$ cat start05.cif   # mmCIF, C-alpha atoms
data_final
#
loop_
_atom_site.label_atom_id
_atom_site.label_comp_id
_atom_site.auth_asym_id
_atom_site.auth_seq_id
_atom_site.Cartn_x
_atom_site.Cartn_y
_atom_site.Cartn_z
CA MET A 1 0.00 0.00 0.00
CA THR A 2 2.83 2.38 0.87
CA THR A 3 4.66 1.96 -2.37
CA ALA A 4 4.28 1.43 -6.09
CA LYS A 5 1.59 3.96 -7.04
CA ARG A 6 2.91 6.56 -9.43
CA ASP A 7 2.39 10.07 -8.10
CA THR A 8 -0.23 11.56 -10.39
CA TYR A 9 -1.69 13.80 -7.70
CA THR A 10 -2.27 17.50 -7.94
CA PRO A 11 -2.53 19.54 -4.71
CA GLU A 12 -6.30 19.46 -5.30
CA THR A 13 -6.73 15.69 -5.65
CA LEU A 14 -4.32 15.09 -2.76
CA LEU A 15 -6.58 17.35 -0.69
CA THR A 16 -9.57 15.08 -1.35
CA VAL A 17 -7.67 12.12 0.10
CA ALA A 18 -6.34 14.13 3.07
CA VAL A 19 -9.79 15.46 4.03
CA ARG A 20 -11.22 11.96 4.01
CA VAL A 21 -8.45 10.74 6.32
CA PHE A 22 -8.75 13.81 8.61
CA ASN A 23 -12.49 13.19 8.97
CA GLU A 24 -11.98 9.48 9.67
CA ARG A 25 -9.10 9.74 12.16
CA GLY A 26 -9.41 13.31 13.38
CA TYR A 27 -6.81 15.91 12.36
CA ASP A 28 -4.73 15.35 15.52
CA GLY A 29 -4.82 11.60 15.04
CA THR A 30 -3.56 11.79 11.42
CA SER A 31 0.17 11.46 10.72
CA MET A 32 2.01 12.00 7.42
CA GLU A 33 2.41 8.21 7.48
CA HIS A 34 -1.39 7.80 7.45
CA LEU A 35 -1.70 10.27 4.57
CA SER A 36 1.05 8.50 2.65
CA LYS A 37 -0.68 5.13 3.07
CA ALA A 38 -4.10 6.49 2.11
CA ALA A 39 -2.75 8.24 -0.98
CA GLY A 40 -0.53 5.31 -1.92
CA ILE A 41 2.50 7.55 -2.49
CA SER A 42 5.58 8.22 -0.38
CA LYS A 43 5.82 10.95 2.23
CA SER A 44 8.43 12.74 0.16
CA SER A 45 6.02 12.76 -2.78
CA ILE A 46 3.46 14.46 -0.53
CA TYR A 47 6.06 17.03 0.53
CA HIS A 48 6.56 17.70 -3.17
CA HIS A 49 2.96 19.03 -3.28
CA VAL A 50 2.52 20.64 0.15
CA ALA A 51 4.63 21.78 3.10
CA GLY A 52 2.90 19.38 5.47
CA LYS A 53 -0.41 18.32 6.97
CA GLU A 54 -1.16 21.78 8.38
CA GLU A 55 -1.12 23.20 4.84
CA LEU A 56 -3.60 20.52 3.79
CA LEU A 57 -5.82 21.49 6.72
CA ARG A 58 -5.59 25.18 5.81
CA ARG A 59 -6.52 24.50 2.18
CA ALA A 60 -9.41 22.27 3.22
CA VAL A 61 -11.02 24.60 5.76
CA SER A 62 -10.40 27.57 3.43
CA ARG A 63 -12.53 25.86 0.82
CA ALA A 64 -15.37 25.47 3.35
CA LEU A 65 -14.98 29.02 4.66
CA ASP A 66 -14.83 30.54 1.15
CA GLY A 67 -18.10 28.79 0.36
CA LEU A 68 -19.77 30.07 3.53
CA PHE A 69 -18.49 33.66 3.37
CA GLY A 70 -19.31 33.77 -0.35
CA ILE A 71 -23.00 33.49 0.61
CA LEU A 72 -22.85 36.75 2.55
CA ASP A 73 -21.86 38.68 -0.60
CA GLU A 74 -24.69 37.33 -2.74
CA PRO A 75 -27.54 39.73 -3.58
CA GLY A 76 -30.03 37.61 -1.59
CA ALA A 77 -27.94 38.19 1.52
CA THR A 78 -27.34 41.90 1.05
CA GLN A 79 -30.60 43.26 -0.34
CA GLY A 80 -34.10 43.36 1.04
CA ARG A 81 -35.70 42.91 4.42
CA ALA A 82 -33.52 41.31 7.13
CA ILE A 83 -35.88 38.34 7.60
CA GLU A 84 -35.68 37.49 3.89
CA ARG A 85 -31.89 37.80 3.99
CA VAL A 86 -31.71 35.50 7.05
CA GLU A 87 -33.85 32.88 5.34
CA TYR A 88 -31.77 33.19 2.19
CA VAL A 89 -28.49 32.74 4.11
CA THR A 90 -29.91 29.73 5.99
CA ARG A 91 -31.00 28.07 2.74
CA ARG A 92 -27.69 28.75 1.03
CA THR A 93 -25.73 27.52 4.05
CA VAL A 94 -27.52 24.19 3.65
CA ASP A 95 -26.56 24.22 -0.06
CA VAL A 96 -22.89 24.85 0.75
CA LEU A 97 -22.86 22.18 3.48
CA ILE A 98 -24.18 19.67 0.98
CA ALA A 99 -21.92 20.76 -1.89
CA GLU A 100 -18.77 20.84 0.27
CA LEU A 101 -19.77 18.17 2.80
CA PRO A 102 -16.33 16.71 3.72
CA TYR A 103 -14.74 20.18 3.87
CA VAL A 104 -17.44 21.67 6.10
CA THR A 105 -17.43 18.51 8.25
CA LEU A 106 -13.72 19.04 8.85
CA LEU A 107 -14.25 22.75 9.60
CA LEU A 108 -16.94 21.97 12.17
CA ARG A 109 -14.77 19.38 13.93
CA VAL A 110 -11.64 21.52 14.20
CA ARG A 111 -10.70 22.02 17.83
CA GLY A 112 -7.89 24.54 18.04
CA ASN A 113 -4.51 23.01 18.90
CA THR A 114 -2.54 24.57 16.06
CA LYS A 115 -2.41 28.07 14.59
CA THR A 116 -4.43 26.97 11.55
CA GLU A 117 -7.10 25.36 13.71
CA ARG A 118 -7.41 28.47 15.87
CA TRP A 119 -7.65 30.61 12.74
CA ALA A 120 -10.40 28.35 11.36
CA MET A 121 -12.37 28.58 14.61
CA GLU A 122 -11.99 32.34 14.62
CA ARG A 123 -13.32 32.63 11.04
CA ARG A 124 -16.19 30.32 11.89
CA ARG A 125 -17.15 32.51 14.86
CA GLU A 126 -16.97 35.51 12.50
CA PHE A 127 -19.46 33.86 10.15
CA ASP A 128 -21.77 33.01 13.06
CA GLN A 129 -21.54 36.62 14.25
CA ARG A 130 -22.52 37.94 10.80
CA VAL A 131 -25.62 35.72 10.84
CA THR A 132 -26.42 36.72 14.44
CA ASP A 133 -26.30 40.38 13.35
CA LEU A 134 -28.78 39.62 10.57
CA LEU A 135 -31.07 37.82 13.04
CA LYS A 136 -30.89 40.82 15.38
CA ALA A 137 -31.90 43.12 12.53
CA ALA A 138 -34.88 40.87 11.80
CA VAL A 139 -35.91 41.00 15.47
CA ALA A 140 -35.65 44.81 15.35
CA ASP A 141 -37.93 44.79 12.29
CA GLY A 142 -40.47 42.80 14.34
CA ASP A 143 -40.22 39.82 11.97
CA LEU A 144 -38.53 37.40 14.38
CA ARG A 145 -39.91 36.60 17.82
CA SER A 146 -38.47 38.76 20.57
CA ASP A 147 -39.54 36.61 23.54
CA VAL A 148 -36.38 34.48 23.35
CA ASP A 149 -32.62 35.13 23.63
CA ILE A 150 -31.48 35.68 20.05
CA ARG A 151 -27.97 34.34 20.71
CA LEU A 152 -29.51 31.10 21.95
CA VAL A 153 -31.76 30.99 18.88
CA THR A 154 -28.72 31.46 16.62
CA ARG A 155 -27.02 28.49 18.30
CA LEU A 156 -30.11 26.33 17.91
CA LEU A 157 -30.44 27.30 14.24
CA PHE A 158 -26.78 26.47 13.58
CA GLY A 159 -27.18 23.31 15.67
CA MET A 160 -29.93 22.19 13.30
CA VAL A 161 -28.07 23.22 10.14
CA ASN A 162 -24.67 21.84 11.19
CA SER A 163 -26.20 18.52 12.26
CA LEU A 164 -26.47 17.75 8.53
CA VAL A 165 -22.79 16.80 8.44
CA GLU A 166 -23.60 13.96 10.87
CA TRP A 167 -26.52 12.39 9.05
CA TYR A 168 -26.98 13.80 5.54
CA ARG A 169 -26.15 11.40 2.72
CA PRO A 170 -26.77 12.38 -0.91
CA LEU A 171 -29.14 10.62 -3.28
CA PRO A 172 -29.24 7.83 -4.48
CA ASP A 173 -28.49 5.27 -1.70
CA GLY A 174 -31.13 6.18 0.88
CA GLY A 175 -30.22 9.82 0.70
CA VAL A 176 -32.22 13.00 0.65
CA ASP A 177 -32.72 15.50 -2.14
CA GLY A 178 -30.70 18.59 -1.27
CA GLN A 179 -33.28 21.13 -2.40
CA ARG A 180 -36.07 19.44 -0.47
CA LEU A 181 -33.86 19.33 2.60
CA ALA A 182 -33.02 23.05 2.38
CA ASP A 183 -36.70 23.85 1.87
CA THR A 184 -37.84 21.69 4.81
CA LEU A 185 -35.18 23.10 7.12
CA VAL A 186 -36.08 26.72 6.37
CA ARG A 187 -39.79 26.05 6.84
CA VAL A 188 -39.31 24.16 10.12
CA ALA A 189 -36.84 26.67 11.54
CA PHE A 190 -38.77 29.81 10.65
CA GLU A 191 -42.40 28.71 10.72
CA GLY A 192 -42.09 25.84 13.23
CA MET A 193 -43.24 22.24 13.23
CA ARG A 194 -46.79 22.98 14.34
CA SER A 195 -49.45 23.31 11.69
CA SER A 196 -50.68 26.87 11.37
CA ARG A 197 -54.39 26.90 11.99
CA MET B 1 1.00 10.01 37.24
CA THR B 2 0.78 6.25 36.65
CA THR B 3 1.59 5.29 40.21
CA ALA B 4 1.17 6.26 43.84
CA LYS B 5 -2.53 7.13 44.10
CA ARG B 6 -4.37 4.81 46.45
CA ASP B 7 -7.29 3.11 44.72
CA THR B 8 -10.35 4.61 46.39
CA TYR B 9 -12.52 4.29 43.28
CA THR B 10 -15.92 2.70 43.07
CA PRO B 11 -17.16 1.46 39.67
CA GLU B 12 -19.26 4.66 39.63
CA THR B 13 -16.45 7.18 40.23
CA LEU B 14 -14.16 5.27 37.87
CA LEU B 15 -16.87 5.65 35.24
CA THR B 16 -16.75 9.45 35.58
CA VAL B 17 -13.03 9.43 34.75
CA ALA B 18 -13.44 6.94 31.90
CA VAL B 19 -16.24 8.91 30.23
CA ARG B 20 -14.16 12.08 30.33
CA VAL B 21 -11.23 10.28 28.64
CA PHE B 22 -13.52 8.58 26.08
CA ASN B 23 -14.99 11.96 25.14
CA GLU B 24 -11.55 13.58 24.87
CA ARG B 25 -9.78 10.84 22.92
CA GLY B 26 -12.67 8.96 21.34
CA TYR B 27 -13.55 5.45 22.54
CA ASP B 28 -11.40 3.78 19.85
CA GLY B 29 -8.45 6.03 20.67
CA THR B 30 -8.54 5.21 24.40
CA SER B 31 -6.37 2.39 25.77
CA MET B 32 -6.39 0.88 29.27
CA GLU B 33 -3.05 2.68 29.64
CA HIS B 34 -4.79 6.04 29.04
CA LEU B 35 -7.49 5.16 31.58
CA SER B 36 -4.87 4.07 34.10
CA LYS B 37 -2.97 7.36 33.70
CA ALA B 38 -6.10 9.50 33.93
CA ALA B 39 -7.35 7.69 37.03
CA GLY B 40 -3.91 7.61 38.62
CA ILE B 41 -4.21 3.93 39.46
CA SER B 42 -2.69 0.81 37.89
CA LYS B 43 -4.35 -1.17 35.13
CA SER B 44 -4.75 -4.15 37.46
CA SER B 45 -6.61 -1.89 39.91
CA ILE B 46 -8.99 -0.96 37.08
CA TYR B 47 -9.52 -4.64 36.26
CA HIS B 48 -10.43 -5.08 39.92
CA HIS B 49 -13.49 -2.88 39.27
CA VAL B 50 -14.44 -3.73 35.69
CA ALA B 51 -13.72 -6.39 33.07
CA GLY B 52 -12.29 -3.84 30.64
CA LYS B 53 -12.97 -0.66 28.69
CA GLU B 54 -15.96 -2.13 26.89
CA GLU B 55 -17.72 -2.66 30.22
CA LEU B 56 -17.07 0.99 31.08
CA LEU B 57 -18.57 2.01 27.72
CA ARG B 58 -21.62 -0.18 28.32
CA ARG B 59 -22.21 1.29 31.77
CA ALA B 60 -21.77 4.83 30.47
CA VAL B 61 -24.10 4.60 27.49
CA SER B 62 -26.61 2.62 29.59
CA ARG B 63 -26.81 5.57 31.94
CA ALA B 64 -27.61 7.89 29.02
CA LEU B 65 -30.08 5.44 27.47
CA ASP B 66 -31.84 4.79 30.80
CA GLY B 67 -32.32 8.54 31.15
CA LEU B 68 -33.73 8.90 27.65
CA PHE B 69 -36.01 5.82 27.69
CA GLY B 70 -37.19 6.79 31.19
CA ILE B 71 -38.81 9.87 29.63
CA LEU B 72 -41.07 7.74 27.45
CA ASP B 73 -42.66 6.13 30.55
CA GLU B 74 -43.46 9.42 32.26
CA PRO B 75 -47.13 10.48 32.38
CA GLY B 76 -46.40 13.53 30.19
CA ALA B 77 -45.20 11.19 27.45
CA THR B 78 -48.00 8.65 27.69
CA GLN B 79 -51.13 10.69 28.34
CA GLY B 80 -52.88 13.38 26.38
CA ARG B 81 -52.80 14.64 22.83
CA ALA B 82 -49.81 13.51 20.70
CA ILE B 83 -48.59 17.07 20.09
CA GLU B 84 -48.43 17.74 23.83
CA ARG B 85 -46.61 14.45 24.36
CA VAL B 86 -44.10 15.31 21.62
CA GLU B 87 -43.40 18.70 23.16
CA TYR B 88 -43.07 17.09 26.58
CA VAL B 89 -40.59 14.48 25.31
CA THR B 90 -38.56 17.18 23.51
CA ARG B 91 -38.36 19.31 26.66
CA ARG B 92 -37.42 16.36 28.85
CA THR B 93 -34.81 15.17 26.33
CA VAL B 94 -33.11 18.55 26.72
CA ASP B 95 -33.27 18.09 30.54
CA VAL B 96 -31.64 14.65 30.32
CA LEU B 97 -28.96 15.88 27.89
CA ILE B 98 -28.05 18.61 30.34
CA ALA B 99 -28.21 16.40 33.45
CA GLU B 100 -26.19 13.58 31.87
CA LEU B 101 -24.11 15.68 29.46
CA PRO B 102 -20.88 13.59 29.30
CA TYR B 103 -22.84 10.31 29.10
CA VAL B 104 -25.14 11.49 26.32
CA THR B 105 -22.17 13.07 24.50
CA LEU B 106 -20.48 9.67 24.49
CA LEU B 107 -23.67 7.95 23.33
CA LEU B 108 -24.04 10.35 20.40
CA ARG B 109 -20.42 9.88 19.33
CA VAL B 110 -20.44 6.08 19.41
CA ARG B 111 -19.73 4.70 15.94
CA GLY B 112 -20.20 0.94 15.99
CA ASN B 113 -16.96 -1.05 15.86
CA THR B 114 -17.66 -3.28 18.87
CA LYS B 115 -20.72 -5.23 20.01
CA THR B 116 -21.44 -2.67 22.74
CA GLU B 117 -21.20 0.24 20.29
CA ARG B 118 -23.56 -1.45 17.84
CA TRP B 119 -25.98 -2.19 20.68
CA ALA B 120 -25.87 1.47 21.77
CA MET B 121 -26.56 2.66 18.20
CA GLU B 122 -29.44 0.22 17.93
CA ARG B 123 -31.01 1.44 21.18
CA ARG B 124 -30.54 5.05 20.04
CA ARG B 125 -32.35 4.33 16.78
CA GLU B 126 -35.11 2.69 18.84
CA PHE B 127 -35.53 5.88 20.86
CA ASP B 128 -35.57 8.00 17.69
CA GLN B 129 -38.20 5.66 16.23
CA ARG B 130 -40.42 6.03 19.31
CA VAL B 131 -40.28 9.81 18.94
CA THR B 132 -40.92 9.59 15.19
CA ASP B 133 -44.04 7.52 15.94
CA LEU B 134 -45.26 10.24 18.30
CA LEU B 135 -44.59 12.90 15.65
CA LYS B 136 -46.55 10.86 13.10
CA ALA B 137 -49.48 10.65 15.51
CA ALA B 138 -49.39 14.43 15.92
CA VAL B 139 -49.42 14.85 12.13
CA ALA B 140 -52.42 12.51 11.94
CA ASP B 141 -54.17 14.69 14.54
CA GLY B 142 -53.57 17.68 12.28
CA ASP B 143 -51.40 19.38 14.91
CA LEU B 144 -48.08 19.12 13.08
CA ARG B 145 -47.56 20.41 9.55
CA SER B 146 -48.07 17.76 6.91
CA ASP B 147 -46.38 19.59 4.01
CA VAL B 148 -42.95 18.20 4.92
CA ASP B 149 -41.39 14.73 5.24
CA ILE B 150 -41.84 13.81 8.90
CA ARG B 151 -38.72 11.63 8.99
CA LEU B 152 -36.69 14.61 7.80
CA VAL B 153 -38.35 16.80 10.42
CA THR B 154 -37.47 14.25 13.13
CA ARG B 155 -33.83 14.37 12.06
CA LEU B 156 -33.81 18.15 12.09
CA LEU B 157 -35.42 18.24 15.55
CA PHE B 158 -32.86 15.76 16.91
CA GLY B 159 -30.11 17.67 15.10
CA MET B 160 -31.10 20.78 17.02
CA VAL B 161 -31.50 18.96 20.35
CA ASN B 162 -28.33 16.87 20.05
CA SER B 163 -26.24 19.88 19.03
CA LEU B 164 -26.41 20.88 22.71
CA VAL B 165 -23.64 18.42 23.53
CA GLU B 166 -21.34 20.46 21.27
CA TRP B 167 -21.95 23.90 22.70
CA TYR B 168 -23.96 23.81 25.92
CA ARG B 169 -22.03 24.74 29.04
CA PRO B 170 -23.80 25.03 32.43
CA LEU B 171 -24.04 28.19 34.49
CA PRO B 172 -22.03 29.96 35.92
CA ASP B 173 -19.06 30.50 33.54
CA GLY B 174 -20.75 31.94 30.47
CA GLY B 175 -23.30 29.16 30.49
CA VAL B 176 -27.01 29.02 29.87
CA ASP B 177 -29.82 28.28 32.29
CA GLY B 178 -31.09 24.79 31.50
CA GLN B 179 -34.79 25.56 31.95
CA ARG B 180 -34.58 28.63 29.73
CA LEU B 181 -32.76 26.60 27.10
CA ALA B 182 -35.40 23.83 27.13
CA ASP B 183 -38.14 26.45 26.92
CA THR B 184 -36.49 28.33 24.02
CA LEU B 185 -35.79 25.14 22.09
CA VAL B 186 -39.38 23.90 22.34
CA ARG B 187 -40.76 27.29 21.29
CA VAL B 188 -38.39 27.66 18.34
CA ALA B 189 -38.86 24.07 17.14
CA PHE B 190 -42.64 23.97 17.38
CA GLU B 191 -43.69 27.58 16.79
CA GLY B 192 -40.73 28.69 14.65
CA MET B 193 -38.40 31.67 14.78
CA ARG B 194 -40.76 34.06 13.02
CA SER B 195 -42.94 36.29 15.13
CA SER B 196 -46.58 35.29 14.88
CA ARG B 197 -48.49 38.24 13.54
#

$ encode --input "start05.cif" --output "C-alpha cells"
Amino acid sequence: MTTAKRDTYTPETLLTVAVRVFNERGYDGTSMEHLSKAAGISKSSIYHHVAGKEELLRRAVSRALDGLFGILDEPGATQGRAIERVEYVTRRTVDVLIAELPYVTLLLRVRGNTKTERWAMERRREFDQRVTDLLKAAVADGDLRSDVDIRLVTRLLFGMVNSLVEWYRPLPDGGVDGQRLADTLVRVAFEGMRSSR
Amino acid sequence: MTTAKRDTYTPETLLTVAVRVFNERGYDGTSMEHLSKAAGISKSSIYHHVAGKEELLRRAVSRALDGLFGILDEPGATQGRAIERVEYVTRRTVDVLIAELPYVTLLLRVRGNTKTERWAMERRREFDQRVTDLLKAAVADGDLRSDVDIRLVTRLLFGMVNSLVEWYRPLPDGGVDGQRLADTLVRVAFEGMRSSR
C-alpha cells in the first residue's frame, strides 16, 4: 500500500484524500504516514505538493470558509428585508454544506490546537456573528420573535443546520434530495413544526 | 501520574473518569493505559473494578439510554394529545442531555466497531423511532404540519437537540440556564423563529 503507485496527484486531488483521512481519524490523530498510506504515495512525494499536513488542513477549511463567506456577498444576503436575507443565508448555508460536505465537516470538527485550527475557529465565529447580526436586525424589524434570547436561537439554528454533516447522505443510496432538505429546514426553523391553523 | 494514588474508586467514580477520557480521545483512541494514567491507578486496579474498557462504555451509554427511555414512561409522554406528548418528550430530552451531558455526548459519538457500540446505536435508533411515531401521531391529529417529510423533520429536531452536547455549558461560567434553554428550544422548534403576527 505504501509503495508502487505513481504520483499523479495535484494539490487538489491530494486534498480530497487528506480530508477523508482527517475526517476518519481526526486531524490530531492523522500522521504523514497515514496520509502517505491512504494516498498510496511516499511521504516525500506528498512534501513535493505541500509543506505538510497543516497546509492541507488550511486549504481544506479555506474551501469550506470561502463557500460560507461567499454566501454573505450574494444579492439575496445583502438586499431586502432582514428576515428574507436571514432565510436566504440559511437556505444557502444548507446548499454549501451539501456541496462541500467533507470540507465543512472538517471545519466543524476543528478544535484549536494549532495556529491553523485556531484561525479556522476564529473565522467560523466571525461567520456566526454575521448571521447573528442579521437575526438581530430581523428582530428589530419585528419579523422574528423577541420573547427568546437571540444568541440562543442562533445556536439552535446552527445546531440544526450543522447537524447535517452527521446524518446527511446524498441521493441515491437512501439519501435526501438537497433542495427538499433546504426547503424543509427553512420552513421548520422559521415557521415551526406545528401546523398553522 | 501512573503510580502512587491509592485506589479509592468505586465502579461509579471510575466511570466518571473513563467517560471524560472517552470523550476527549474517542472510545477507539482510548487504551487501558490512558485510563490508568487519567485515574492515577494501575491497570490491574482498574480490572479489579471492571472487566475492561468495553464494560465501562456499556455502563456509560446505559446511563444515558436509561435517562432517555425513562422519559417515554413518564405520564407527560403517555397521556394526552400527541402534540403535547411530543413537546413534553422534547423538553425532557433537553433536561436529560443537560443532566447527563458527558454520558449522552459519548452515546451520540459512538460509531459501531464493537458489540457494545452497535448495541448502543441500535437502542438510540429505537428511541428515535419512538419519537418519530409520536410525531406521526401528531401529524395525523392535524397538529403538526403535513407539508414536509416527517422523517426529515425528526432528524432536524434531533439535530437541534443533540447539538447541545457540542456547545452547551452550564451556568455559571458563560453558560445558559437549562430551563430557559429547554423552553427556548421547544418554542423555536414547534412555533418557529418568526414572530406570529

$ resolve_selection --input "start05.cif" --expression "the PyMOL selection byres ((chain A) within 6 of (chain B))" --output "list in words"
Asp143, Leu144, Arg145, Leu156, Gly159, Met160, Ser163, Ala189, Phe190, Glu191, Gly192, Met193, Arg194 and Ser195 of chain A

$ atom_distance --input "start05.cif" --atom1 "CA of Gly67 in chain B" --atom2 "CA of Val19 in chain B"
16.1 Å

$ residues_around --input "start05.cif" --residues "Tyr88 in chain B" --least-positions-apart "6" --cutoff "10 Å" --atoms "all atoms listed in the file" --output "ChimeraX atom specification"
/B:71-72,74-78,82,186

$ closest_residue --input "start05.cif" --among "B:Val94, B:Val86, B:Leu106, B:Ala99" --to "Glu24 in chain B" --atoms "all atoms listed in the file"
B:Leu106

$ closest_residue --input "start05.cif" --among "B:Leu68, B:Met32, B:Val96, B:Ala51" --to "Arg130 in chain B" --atoms "only C-alpha atoms"
B:Leu68

$ atom_distance --input "start05.cif" --atom1 "CA of Ala182 in chain B" --atom2 "CA of Ala140 in chain B"
25.5 Å

$ resolve_selection --input "start05.cif" --expression "the PyMOL selection byres ((chain A and resi 49) around 12)" --output "list in words"
Asp7, Thr8, Tyr9, Thr10, Pro11, Glu12, Thr13, Leu14, Leu15, Ile41, Ser42, Lys43, Ser44, Ser45, Ile46, Tyr47, His48, Val50, Ala51, Gly52, Lys53, Glu55 and Leu56 of chain A

$ atom_distance --input "start05.cif" --atom1 "CA of Leu65 in chain A" --atom2 "CA of Arg123 in chain A"
7.5 Å

$ resolve_selection --input "start05.cif" --expression "the PyMOL selection byres ((chain B and resi 118-120) around 10)" --output "number ranges by chain"
B: 57-58, 61-62, 64-65, 107-108, 110-117, 121-126

$ closest_residue --input "start05.cif" --among "A:Val131, A:Leu171, A:Leu35, A:Val17" --to "Val89 in chain A" --atoms "only C-alpha atoms"
A:Val131

$ build_atoms --input "start05.cif" --residues "range 27-40 of chain A" --atoms "N, CA, C and O atoms" --output "mmCIF file, keeping the file's coordinate frame"
data_model
loop_
_atom_site.group_PDB
_atom_site.id
_atom_site.type_symbol
_atom_site.label_atom_id
_atom_site.label_comp_id
_atom_site.auth_asym_id
_atom_site.auth_seq_id
_atom_site.Cartn_x
_atom_site.Cartn_y
_atom_site.Cartn_z
ATOM 1 N N TYR A 27 -8.028 15.263 12.846
ATOM 2 C CA TYR A 27 -6.810 15.910 12.360
ATOM 3 C C TYR A 27 -5.617 15.568 13.252
ATOM 4 O O TYR A 27 -4.551 15.205 12.770
ATOM 5 N N ASP A 28 -5.815 15.656 14.572
ATOM 6 C CA ASP A 28 -4.730 15.350 15.520
ATOM 7 C C ASP A 28 -4.233 13.919 15.370
ATOM 8 O O ASP A 28 -3.037 13.656 15.502
ATOM 9 N N GLY A 29 -5.165 13.012 15.100
ATOM 10 C CA GLY A 29 -4.820 11.600 15.040
ATOM 11 C C GLY A 29 -4.217 11.169 13.706
ATOM 12 O O GLY A 29 -3.893 10.001 13.508
ATOM 13 N N THR A 30 -4.084 12.122 12.752
ATOM 14 C CA THR A 30 -3.560 11.790 11.420
ATOM 15 C C THR A 30 -2.080 12.153 11.320
ATOM 16 O O THR A 30 -1.698 13.288 11.592
ATOM 17 N N SER A 31 -1.263 11.201 10.944
ATOM 18 C CA SER A 31 0.170 11.460 10.720
ATOM 19 C C SER A 31 0.435 11.498 9.212
ATOM 20 O O SER A 31 -0.392 11.079 8.409
ATOM 21 N N MET A 32 1.610 12.002 8.835
ATOM 22 C CA MET A 32 2.010 12.000 7.420
ATOM 23 C C MET A 32 2.056 10.553 6.911
ATOM 24 O O MET A 32 1.783 10.290 5.745
ATOM 25 N N GLU A 33 2.382 9.633 7.814
ATOM 26 C CA GLU A 33 2.410 8.210 7.480
ATOM 27 C C GLU A 33 1.007 7.742 7.040
ATOM 28 O O GLU A 33 0.851 7.044 6.033
ATOM 29 N N HIS A 34 -0.016 8.150 7.805
ATOM 30 C CA HIS A 34 -1.390 7.800 7.450
ATOM 31 C C HIS A 34 -1.767 8.362 6.074
ATOM 32 O O HIS A 34 -2.400 7.699 5.263
ATOM 33 N N LEU A 35 -1.372 9.624 5.847
ATOM 34 C CA LEU A 35 -1.700 10.270 4.570
ATOM 35 C C LEU A 35 -0.992 9.549 3.426
ATOM 36 O O LEU A 35 -1.586 9.305 2.372
ATOM 37 N N SER A 36 0.266 9.204 3.666
ATOM 38 C CA SER A 36 1.050 8.500 2.650
ATOM 39 C C SER A 36 0.410 7.166 2.288
ATOM 40 O O SER A 36 0.267 6.817 1.114
ATOM 41 N N LYS A 37 -0.019 6.420 3.319
ATOM 42 C CA LYS A 37 -0.680 5.130 3.070
ATOM 43 C C LYS A 37 -1.986 5.296 2.312
ATOM 44 O O LYS A 37 -2.269 4.557 1.367
ATOM 45 N N ALA A 38 -2.789 6.279 2.737
ATOM 46 C CA ALA A 38 -4.100 6.490 2.110
ATOM 47 C C ALA A 38 -3.965 6.921 0.658
ATOM 48 O O ALA A 38 -4.744 6.520 -0.203
ATOM 49 N N ALA A 39 -2.949 7.747 0.377
ATOM 50 C CA ALA A 39 -2.750 8.240 -0.980
ATOM 51 C C ALA A 39 -1.998 7.223 -1.841
ATOM 52 O O ALA A 39 -2.037 7.285 -3.073
ATOM 53 N N GLY A 40 -1.295 6.301 -1.186
ATOM 54 C CA GLY A 40 -0.530 5.310 -1.920
ATOM 55 C C GLY A 40 0.730 5.881 -2.557
ATOM 56 O O GLY A 40 1.222 5.349 -3.543
#
